[in-house]
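Q: Dropping in input-v2.cif, with mmCIF, C-alpha atoms.
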```cif
data_target
#
loop_
_atom_site.label_atom_id
_atom_site.label_comp_id
_atom_site.auth_asym_id
_atom_site.auth_seq_id
_atom_site.Cartn_x
_atom_site.Cartn_y
_atom_site.Cartn_z
CA MET A 1 -18.06 13.07 -8.72
CA TYR A 2 -14.36 12.55 -8.18
CA GLY A 3 -11.76 13.55 -5.63
CA ILE A 4 -8.07 13.38 -4.81
CA CYS A 5 -6.25 13.16 -1.49
CA ASN A 6 -4.49 16.49 -0.93
CA LEU A 7 -3.17 15.65 2.55
CA SER A 8 -0.28 13.46 3.63
CA ILE A 9 -2.40 10.65 5.11
CA VAL A 10 -6.18 10.38 5.40
CA PRO A 11 -7.96 7.63 7.38
CA VAL A 12 -10.61 5.65 5.52
CA ARG A 13 -13.21 4.32 7.94
CA LEU A 14 -15.69 1.46 7.91
CA GLU A 15 -18.58 3.75 8.88
CA PRO A 16 -19.12 7.55 8.65
CA ASP A 17 -17.87 8.25 12.17
CA ASP A 18 -14.53 9.38 13.62
CA ARG A 19 -14.77 6.53 16.14
CA SER A 20 -15.28 3.90 13.45
CA GLU A 21 -12.59 1.36 12.55
CA MET A 22 -9.90 2.59 10.15
CA VAL A 23 -9.87 0.03 7.35
CA THR A 24 -7.23 1.66 5.15
CA GLN A 25 -5.63 5.00 4.35
CA LEU A 26 -5.38 7.40 1.45
CA LEU A 27 -1.97 8.88 0.71
CA LEU A 28 -1.41 12.16 -1.05
CA GLY A 29 -2.29 11.89 -4.73
CA ASP A 30 -4.68 8.94 -4.35
CA MET A 31 -7.77 9.49 -6.49
CA PHE A 32 -11.24 8.17 -5.84
CA LEU A 33 -14.82 8.02 -7.01
CA ILE A 34 -17.36 9.62 -4.65
CA LEU A 35 -20.22 7.15 -4.15
CA GLU A 36 -22.33 8.91 -1.52
CA LYS A 37 -22.37 11.99 0.71
CA GLN A 38 -23.77 12.22 4.25
CA GLU A 39 -23.32 15.61 5.90
CA ALA A 40 -19.64 15.66 6.99
CA TRP A 41 -18.80 12.27 5.45
CA MET A 42 -18.61 10.68 2.03
CA GLN A 43 -18.26 7.12 0.84
CA ILE A 44 -15.48 6.67 -1.70
CA GLN A 45 -13.97 4.00 -3.93
CA ASN A 46 -10.19 4.20 -4.31
CA SER A 47 -9.22 4.21 -7.99
CA PHE A 48 -6.05 2.20 -7.28
CA ASP A 49 -7.55 -0.89 -5.67
CA GLU A 50 -11.34 -0.21 -5.73
CA TYR A 51 -11.45 -0.29 -1.91
CA ILE A 52 -14.58 1.32 -0.45
CA GLY A 53 -14.83 3.29 2.79
CA TRP A 54 -15.72 6.62 4.37
CA ILE A 55 -13.64 9.80 4.66
CA SER A 56 -14.30 13.26 6.05
CA THR A 57 -15.44 15.86 3.52
CA LYS A 58 -12.78 18.16 5.03
CA GLN A 59 -9.95 15.92 3.83
CA TYR A 60 -9.96 16.00 0.04
CA THR A 61 -10.11 18.24 -2.99
CA PRO A 62 -12.50 17.73 -5.94
CA ILE A 63 -11.14 16.90 -9.38
CA SER A 64 -12.72 16.76 -12.82
CA GLU A 65 -13.70 13.55 -14.55
CA GLN A 66 -11.11 14.37 -17.21
CA PHE A 67 -8.31 14.55 -14.62
CA TYR A 68 -9.50 11.31 -12.99
CA LEU A 69 -9.63 9.40 -16.26
CA GLU A 70 -6.33 10.80 -17.51
CA PHE A 71 -4.34 9.55 -14.51
CA LYS A 72 -6.43 6.54 -13.39
CA ASN A 73 -4.65 3.99 -15.55
CA LYS A 74 -1.36 5.81 -16.02
CA ASN A 75 1.90 4.72 -14.37
CA THR A 76 2.17 7.73 -12.09
CA SER A 77 5.44 8.68 -10.43
CA MET A 78 5.58 8.20 -6.66
CA VAL A 79 7.45 9.63 -3.69
CA GLY A 80 10.53 7.46 -3.15
CA ASP A 81 11.69 8.92 0.17
CA MET A 82 10.53 7.64 3.56
CA ALA A 83 9.30 11.17 4.28
CA SER A 84 9.77 14.41 2.38
CA VAL A 85 8.01 17.67 1.59
CA ILE A 86 6.16 19.27 -1.29
CA THR A 87 5.78 22.99 -1.92
CA HIS A 88 2.63 24.74 -3.17
CA GLN A 89 3.64 26.66 -6.29
CA ASP A 90 1.52 29.76 -5.55
CA THR A 91 1.65 30.09 -1.76
CA HIS A 92 5.06 28.40 -1.25
CA GLU A 93 3.57 26.57 1.75
CA ILE A 94 5.32 23.32 2.67
CA GLN A 95 3.52 20.04 3.27
CA THR A 96 4.79 16.60 4.30
CA VAL A 97 4.51 13.49 2.12
CA VAL A 98 5.39 9.85 2.75
CA LEU A 99 6.77 6.92 0.79
CA GLY A 100 4.42 5.74 -1.96
CA SER A 101 2.45 8.98 -2.35
CA MET A 102 1.36 9.65 -5.92
CA LEU A 103 2.66 12.53 -8.05
CA PRO A 104 0.13 12.91 -10.92
CA GLY A 105 1.58 14.51 -14.04
CA TYR A 106 5.07 14.71 -12.54
CA LYS A 107 7.53 16.53 -14.81
CA GLU A 108 10.56 18.66 -14.03
CA GLU A 109 9.93 18.50 -10.26
CA ALA A 110 6.30 19.64 -10.64
CA PHE A 111 3.03 17.72 -10.33
CA LEU A 112 -0.72 18.34 -10.03
CA LEU A 113 -3.40 17.76 -7.44
CA GLY A 114 -6.38 18.72 -9.54
CA ILE A 115 -5.90 22.34 -10.58
CA GLN A 116 -3.26 23.02 -7.93
CA LYS A 117 0.40 22.76 -8.91
CA TYR A 118 3.09 21.59 -6.49
CA LYS A 119 6.84 21.12 -6.51
CA TYR A 120 8.60 17.99 -5.28
CA GLU A 121 12.41 17.84 -5.22
CA GLY A 122 12.90 14.49 -3.50
CA THR A 123 13.50 10.97 -4.82
CA VAL A 124 10.98 9.80 -7.39
CA GLN A 125 10.02 6.14 -7.62
CA GLU A 126 9.24 4.85 -11.09
CA SER A 127 8.06 1.44 -12.32
CA VAL A 128 10.66 -1.33 -12.25
CA SER A 129 11.67 -3.45 -15.25
CA SER A 130 10.51 -7.07 -15.11
CA LYS A 131 14.14 -8.26 -15.19
CA ASN A 132 14.90 -6.63 -11.83
CA LEU A 133 11.45 -6.99 -10.28
CA ARG A 134 12.13 -9.60 -7.59
CA HIS A 135 15.25 -7.82 -6.41
CA ALA A 136 13.35 -4.51 -6.35
CA LEU A 137 10.50 -6.01 -4.30
CA ILE A 138 12.90 -7.17 -1.60
CA GLU A 139 14.86 -3.91 -1.56
CA THR A 140 11.59 -2.00 -1.25
CA ALA A 141 10.31 -4.29 1.51
CA TYR A 142 13.40 -3.51 3.59
CA LEU A 143 12.48 0.19 3.52
CA TYR A 144 9.60 -0.63 5.87
CA LEU A 145 11.64 -2.75 8.31
CA TYR A 146 10.67 -1.98 11.93
CA SER A 147 7.71 0.17 10.89
CA PRO A 148 5.13 -0.22 13.70
CA TYR A 149 2.02 -2.31 13.09
CA LEU A 150 -1.15 -0.25 12.61
CA TRP A 151 -4.47 -1.77 11.58
CA GLY A 152 -5.44 -0.13 8.27
CA GLY A 153 -2.06 1.60 7.96
CA LYS A 154 -0.09 2.01 4.71
CA THR A 155 2.96 4.10 5.68
CA PRO A 156 6.41 3.61 7.27
CA PHE A 157 4.92 5.23 10.39
CA GLY A 158 2.23 2.58 10.79
CA ILE A 159 1.27 -0.31 8.52
CA ASP A 160 -0.63 -3.60 8.61
CA CYS A 161 0.30 -6.89 6.95
CA SER A 162 -1.64 -6.50 3.70
CA GLY A 163 -0.98 -2.76 3.55
CA PHE A 164 2.71 -3.65 3.66
CA THR A 165 2.54 -6.17 0.80
CA GLN A 166 0.32 -3.88 -1.26
CA MET A 167 2.60 -0.85 -0.84
CA VAL A 168 5.77 -2.82 -1.66
CA TYR A 169 4.18 -4.11 -4.85
CA LYS A 170 2.77 -0.66 -5.65
CA LEU A 171 6.20 0.97 -5.37
CA CYS A 172 7.46 -1.56 -7.91
CA GLY A 173 4.66 -0.73 -10.35
CA LEU A 174 2.31 -3.61 -9.50
CA THR A 175 -1.32 -3.41 -8.38
CA ILE A 176 -2.72 -5.94 -5.92
CA TRP A 177 -5.83 -5.85 -3.75
CA ARG A 178 -5.88 -4.28 -0.27
CA ASP A 179 -6.82 -7.16 2.05
CA ALA A 180 -4.90 -10.41 2.60
CA SER A 181 -7.95 -12.52 1.73
CA GLN A 182 -8.26 -10.65 -1.59
CA GLN A 183 -4.55 -10.89 -2.37
CA ALA A 184 -4.66 -14.66 -1.77
CA GLN A 185 -6.97 -15.00 -4.78
CA LEU A 186 -4.27 -13.70 -7.13
CA GLY A 187 -1.43 -15.53 -8.85
CA THR A 188 -0.42 -19.19 -8.98
CA SER A 189 -0.30 -21.47 -5.93
CA LEU A 190 2.99 -23.24 -5.24
CA SER A 191 2.96 -26.89 -4.19
CA PHE A 192 6.04 -26.78 -1.99
CA ILE A 193 7.75 -24.05 0.02
CA GLU A 194 11.02 -24.98 -1.72
CA GLU A 195 9.49 -23.63 -4.96
CA ALA A 196 9.04 -20.15 -3.49
CA LEU A 197 11.23 -17.31 -4.73
CA PRO A 198 11.99 -13.96 -3.09
CA GLY A 199 9.07 -11.63 -3.74
CA ASP A 200 6.37 -14.32 -3.65
CA LEU A 201 3.54 -13.81 -1.16
CA ALA A 202 2.78 -16.22 1.68
CA PHE A 203 -0.68 -16.37 3.25
CA PHE A 204 -1.73 -17.63 6.66
CA ASP A 205 -5.08 -18.68 8.09
CA ASN A 206 -6.79 -19.06 11.47
CA SER A 207 -8.44 -22.10 13.01
CA GLU A 208 -11.55 -21.45 10.92
CA GLY A 209 -9.57 -21.48 7.67
CA LYS A 210 -9.89 -17.74 7.05
CA ILE A 211 -6.90 -15.92 5.54
CA ILE A 212 -5.79 -13.41 8.17
CA HIS A 213 -2.14 -12.63 7.45
CA THR A 214 0.35 -12.22 4.62
CA GLY A 215 4.03 -11.48 4.07
CA ILE A 216 6.77 -11.43 1.44
CA VAL A 217 9.03 -14.43 0.99
CA LEU A 218 12.78 -13.86 1.32
CA LYS A 219 15.65 -16.22 0.49
CA ASN A 220 16.86 -18.88 2.95
CA GLN A 221 13.29 -19.69 4.03
CA CYS A 222 12.63 -16.37 5.71
CA ILE A 223 9.74 -13.95 5.48
CA ILE A 224 9.32 -10.21 6.00
CA HIS A 225 5.90 -9.28 7.36
CA ALA A 226 4.06 -6.83 9.62
CA SER A 227 3.38 -8.35 13.02
CA GLY A 228 3.95 -5.94 15.91
CA CYS A 229 6.27 -4.23 13.48
CA VAL A 230 7.65 -5.08 10.06
CA ARG A 231 10.08 -7.87 10.92
CA ILE A 232 11.94 -10.88 9.50
CA ASP A 233 11.17 -14.38 10.76
CA SER A 234 11.76 -17.98 9.74
CA LEU A 235 9.29 -19.65 7.37
CA ASP A 236 8.68 -23.36 6.80
CA HIS A 237 5.88 -25.67 5.67
CA GLN A 238 4.11 -25.18 9.02
CA GLY A 239 4.23 -21.42 9.11
CA ILE A 240 6.11 -18.48 10.66
CA TYR A 241 8.44 -19.31 13.53
CA ASN A 242 9.30 -16.46 15.89
CA GLN A 243 12.75 -17.04 17.38
CA GLU A 244 12.16 -14.57 20.22
CA GLN A 245 8.92 -16.23 21.33
CA LYS A 246 10.20 -19.73 20.50
CA LYS A 247 6.96 -20.69 18.80
CA TYR A 248 4.97 -20.63 15.57
CA THR A 249 2.88 -17.47 15.35
CA HIS A 250 1.11 -17.97 12.00
CA ASN A 251 -0.18 -21.10 10.23
CA LEU A 252 0.86 -21.32 6.56
CA ARG A 253 -2.05 -21.74 4.14
CA VAL A 254 -0.54 -21.11 0.71
CA ILE A 255 2.32 -19.39 -1.14
CA LYS A 256 1.45 -17.51 -4.30
CA ASN A 257 3.55 -16.36 -7.23
CA ILE A 258 1.90 -13.07 -8.18
CA LEU A 259 4.49 -12.26 -10.82
CA SER A 260 4.36 -13.38 -14.45
CA ASP A 261 7.72 -15.20 -14.47
#
```
Can the structure in the file be given as structure tokens, please?
A:
Amino acid sequence: MYGICNLSIVPVRLEPDDRSEMVTQLLLGDMFLILEKQEAWMQIQNSFDEYIGWISTKQYTPISEQFYLEFKNKNTSMVGDMASVITHQDTHEIQTVVLGSMLPGYKEEAFLLGIQKYKYEGTVQESVSSKNLRHALIETAYLYLYSPYLWGGKTPFGIDCSGFTQMVYKLCGLTIWRDASQQAQLGTSLSFIEEALPGDLAFFDNSEGKIIHTGIVLKNQCIIHASGCVRIDSLDHQGIYNQEQKKYTHNLRVIKNILSD
């Protein structure tokens, strides 16, 4: 069985309980495989990054296997505005959408959520050419500047560190895993911080050596990352230095080039 997120933002929880930890979010247009159902809850696997968690059965709409397979591996258009609205074609009801929401089958301001047709008249984000990719990653990252930190969040209204890096890459047409520890397994490790280019990902560990944080490298040895909010700090071989707190807040583990250049 398959489903699609037909609401603006849906929490995905660790366990089938409203009080359980939110581990990530679905945005409108995200498709998923239904793994298991338990009364008011179902366990799903997100088609975009294969992330598994639980959502309420009240917060989705079923789709056919044909629809799922048709759009699973297709470069789908996305919402390019921080926040906008869509309109149901039949009822003309208005619904909010946020940056990075998917628009399956988008054509001439119309798109599909299963069998339902909607209209979207806002900015549409398409994949970026490889020539402009690094510039696009940084420009996209700045869209989230000052977004508040939210564990499991993936929107400009609340986002965590790996949700931030994943969404920035997603908006530029690139797929990376959801968690920082997963993202750290991708790409090529750089030997020196001086080798890093804007758009590379930096990863940070705790005293036990576990990857717990990530951010996007900027020029002039700076980094944009979600810590309290999406912010810009200094970056050197030791880690992230917060000028306001006058101390290092994160210990650098590795910098990765995720891109093919």
Q: Would you list the contacts of segment 222-237 of chain A as an NGL selection string, taking every protein, DNA or RNA residue within 6 Å and counting only C-alpha atoms, but skipping same-chain residues closer than 4 positions in sequence?
A: :A and (145-149 or 160-161 or 215-218 or 241-242)
Q: Using the file's own x, y and z axes, so that the box edges lie along x, y and z, what centre and edge lengths in Å (one decimal) does a box around every listed atom of segment 202-213 of chain A get when 4 Å is added on each side? Give it as JSON.
A:
```
{"center_x": -4.4, "center_y": -17.4, "center_z": 7.3, "size_x": 22.3, "size_y": 17.5, "size_z": 19.3}
```
Q: Which residue, A:Ser130, A:Ser260, A:Asn75, A:Ser162, has the smallest gap to Leu150 of chain A when you use only C-alpha atoms?
A: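 Once distances to Leu150 of chain A are computed over only C-alpha atoms, the minimum belongs to A:Ser162.
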Q: Around (-16.6, 2.1, 2.4) in the file's own coordinates, what residues are found within 7 Å if you use all atoms listed in the file, given back as a PDB file with C-alpha atoms, in the coordinates of the input?
A:
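point-v6.pdb was written with the following content:
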```pdb
ATOM      1  CA  ARG A  13     -13.210   4.320   7.940  1.00  0.00           C
ATOM      2  CA  LEU A  14     -15.690   1.460   7.910  1.00  0.00           C
ATOM      3  CA  GLU A  15     -18.580   3.750   8.880  1.00  0.00           C
ATOM      4  CA  GLN A  43     -18.260   7.120   0.840  1.00  0.00           C
ATOM      5  CA  ILE A  44     -15.480   6.670  -1.700  1.00  0.00           C
ATOM      6  CA  ILE A  52     -14.580   1.320  -0.450  1.00  0.00           C
ATOM      7  CA  GLY A  53     -14.830   3.290   2.790  1.00  0.00           C
ATOM      8  CA  TRP A  54     -15.720   6.620   4.370  1.00  0.00           C
TER       9      TRP A  54
END
```
Q: Identify which of the residues A:Ile211, A:Ile55, A:Ile176, A:Leu186 lies closest to Ala40 of chain A, counting only C-alpha atoms when measuring atom-to-atom distances.
A: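 Smallest separation from Ala40 of chain A among the options: A:Ile55.
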Q: Taking the point (-8.1, 14.4, -3.0) as given in the file, collect each protein or nucleic acid residue that comes within 10 Å of it, counting only C-alpha atoms, and present the set as an MDAnalysis selection string.
A: chainID A and resid 2:7 10 26:32 57 59:63 113:114
Q: In terms of the shortest atom-to-atom distance over all atoms listed in the file, which of A:Tyr144, A:Asn257, A:Arg134, A:Thr155 is closest to Gln183 of chain A?
A: A:Asn257
Q: Quick one: pull the distance between atom CA of Leu99 of chain A and atom CA of Val12 of chain A, Å, one decimal.
A: 18.1 Å
Q: Calculated over all atoms listed in the file, which of the candidates A:Gln221, A:Gln95, A:Thr165, A:Thr214 has the smallest distance to His250 of chain A?
A: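 For His250 of chain A, the nearest of the candidates is A:Thr214.
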Q: Which residues match the PyMOL selection byres ((chain A and resi 167) around 9) in the file above, as number ranges by chain?
A: A: 99-100, 141, 154-155, 162-166, 168-172, 175-176
Q: Output C-alpha atoms of each residue in that selection to a file, as an mmCIF file, in the frame of the given file.
A:
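Result went into result_32.cif, see below:
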```cif
data_model
loop_
_atom_site.group_PDB
_atom_site.id
_atom_site.type_symbol
_atom_site.label_atom_id
_atom_site.label_comp_id
_atom_site.auth_asym_id
_atom_site.auth_seq_id
_atom_site.Cartn_x
_atom_site.Cartn_y
_atom_site.Cartn_z
ATOM 1 C CA LEU A 99 6.770 6.920 0.790
ATOM 2 C CA GLY A 100 4.420 5.740 -1.960
ATOM 3 C CA ALA A 141 10.310 -4.290 1.510
ATOM 4 C CA LYS A 154 -0.090 2.010 4.710
ATOM 5 C CA THR A 155 2.960 4.100 5.680
ATOM 6 C CA SER A 162 -1.640 -6.500 3.700
ATOM 7 C CA GLY A 163 -0.980 -2.760 3.550
ATOM 8 C CA PHE A 164 2.710 -3.650 3.660
ATOM 9 C CA THR A 165 2.540 -6.170 0.800
ATOM 10 C CA GLN A 166 0.320 -3.880 -1.260
ATOM 11 C CA VAL A 168 5.770 -2.820 -1.660
ATOM 12 C CA TYR A 169 4.180 -4.110 -4.850
ATOM 13 C CA LYS A 170 2.770 -0.660 -5.650
ATOM 14 C CA LEU A 171 6.200 0.970 -5.370
ATOM 15 C CA CYS A 172 7.460 -1.560 -7.910
ATOM 16 C CA THR A 175 -1.320 -3.410 -8.380
ATOM 17 C CA ILE A 176 -2.720 -5.940 -5.920
#
```
Q: What's the 9 Å shell around Gln116 of chain A, counting all atoms listed in the file, without same-chain residues fewer than 6 positions away, as a ChimeraX atom specification?
A: /A:88-90
Q: Enter the distance from atom CA of Leu137 of chain A to atom CA of Trp177 of chain A, in Å, rounded to one decimal.
A: 16.3 Å
Q: Name every residue that the PyMOL selection byres ((chain A and resi 110) around 12) selects in this structure, writing the answer as a ChimeraX atom specification with chains first and numbers rising.
A: /A:77,86-89,103-109,111-113,116-122,124
Q: One decimal, in Å: what's the spacing between atom CA of Met22 of chain A and atom CA of Ala180 of chain A?
A: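 Atom CA of Ala180 of chain A lies at a distance of 15.8 Å from atom CA of Met22 of chain A.
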Q: Using all atoms listed in the file, determine which residues lie at most 9 Å from Thr123 of chain A, disregarding the query and same-chain residues fewer than 5 positions distant; provide the list as a ChimeraX atom specification.
A: /A:78-81,84
Q: Save the residues we just selected, C-alpha atoms, as a JSON list (two decimals), in the coordinates of the input?
A:
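In the end it all went to selection-v5.json:
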```
[["chain", "number", "residue", "atom", "x", "y", "z"],
["A", 78, "MET", "CA", 5.58, 8.20, -6.66],
["A", 79, "VAL", "CA", 7.45, 9.63, -3.69],
["A", 80, "GLY", "CA", 10.53, 7.46, -3.15],
["A", 81, "ASP", "CA", 11.69, 8.92, 0.17],
["A", 84, "SER", "CA", 9.77, 14.41, 2.38]]
```
Q: Check the smallest atom-to-atom distance from each of A:Phe203, A:Phe48, A:Gln182, A:Ile115 to Lys74 of chain A using only C-alpha atoms, then report the winner.
A: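 Once distances to Lys74 of chain A are computed over only C-alpha atoms, the minimum belongs to A:Phe48.
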Q: I need the output of the PyMOL selection byres ((chain A and resi 205) around 10) for this file as a ChimeraX atom specification; which residues are they?
A: /A:180-181,203-204,206-214,239,250-254
Q: Go ahead and write the residues just picked, C-alpha atoms, as an mmCIF file, keeping the file's coordinate frame.
A:
```cif
data_model
loop_
_atom_site.group_PDB
_atom_site.id
_atom_site.type_symbol
_atom_site.label_atom_id
_atom_site.label_comp_id
_atom_site.auth_asym_id
_atom_site.auth_seq_id
_atom_site.Cartn_x
_atom_site.Cartn_y
_atom_site.Cartn_z
ATOM 1 C CA ALA A 180 -4.900 -10.410 2.600
ATOM 2 C CA SER A 181 -7.950 -12.520 1.730
ATOM 3 C CA PHE A 203 -0.680 -16.370 3.250
ATOM 4 C CA PHE A 204 -1.730 -17.630 6.660
ATOM 5 C CA ASN A 206 -6.790 -19.060 11.470
ATOM 6 C CA SER A 207 -8.440 -22.100 13.010
ATOM 7 C CA GLU A 208 -11.550 -21.450 10.920
ATOM 8 C CA GLY A 209 -9.570 -21.480 7.670
ATOM 9 C CA LYS A 210 -9.890 -17.740 7.050
ATOM 10 C CA ILE A 211 -6.900 -15.920 5.540
ATOM 11 C CA ILE A 212 -5.790 -13.410 8.170
ATOM 12 C CA HIS A 213 -2.140 -12.630 7.450
ATOM 13 C CA THR A 214 0.350 -12.220 4.620
ATOM 14 C CA GLY A 239 4.230 -21.420 9.110
ATOM 15 C CA HIS A 250 1.110 -17.970 12.000
ATOM 16 C CA ASN A 251 -0.180 -21.100 10.230
ATOM 17 C CA LEU A 252 0.860 -21.320 6.560
ATOM 18 C CA ARG A 253 -2.050 -21.740 4.140
ATOM 19 C CA VAL A 254 -0.540 -21.110 0.710
#
```
Q: Residues at most 8 Å from Leu190 of chain A, counting only C-alpha atoms, excluding those fewer than 2 positions away in the same chain, as a list in words?
A: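 Here the answer would be Thr188, Phe192, Ile193, Glu195, Ala196, Val254, Ile255, Lys256 and Asn257 of chain A.
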Q: Tell me which of A:Gln45, A:Thr249, A:Gln25, A:Ser101 sits closest to Val85 of chain A, counting all atoms listed in the file.
A: A:Ser101
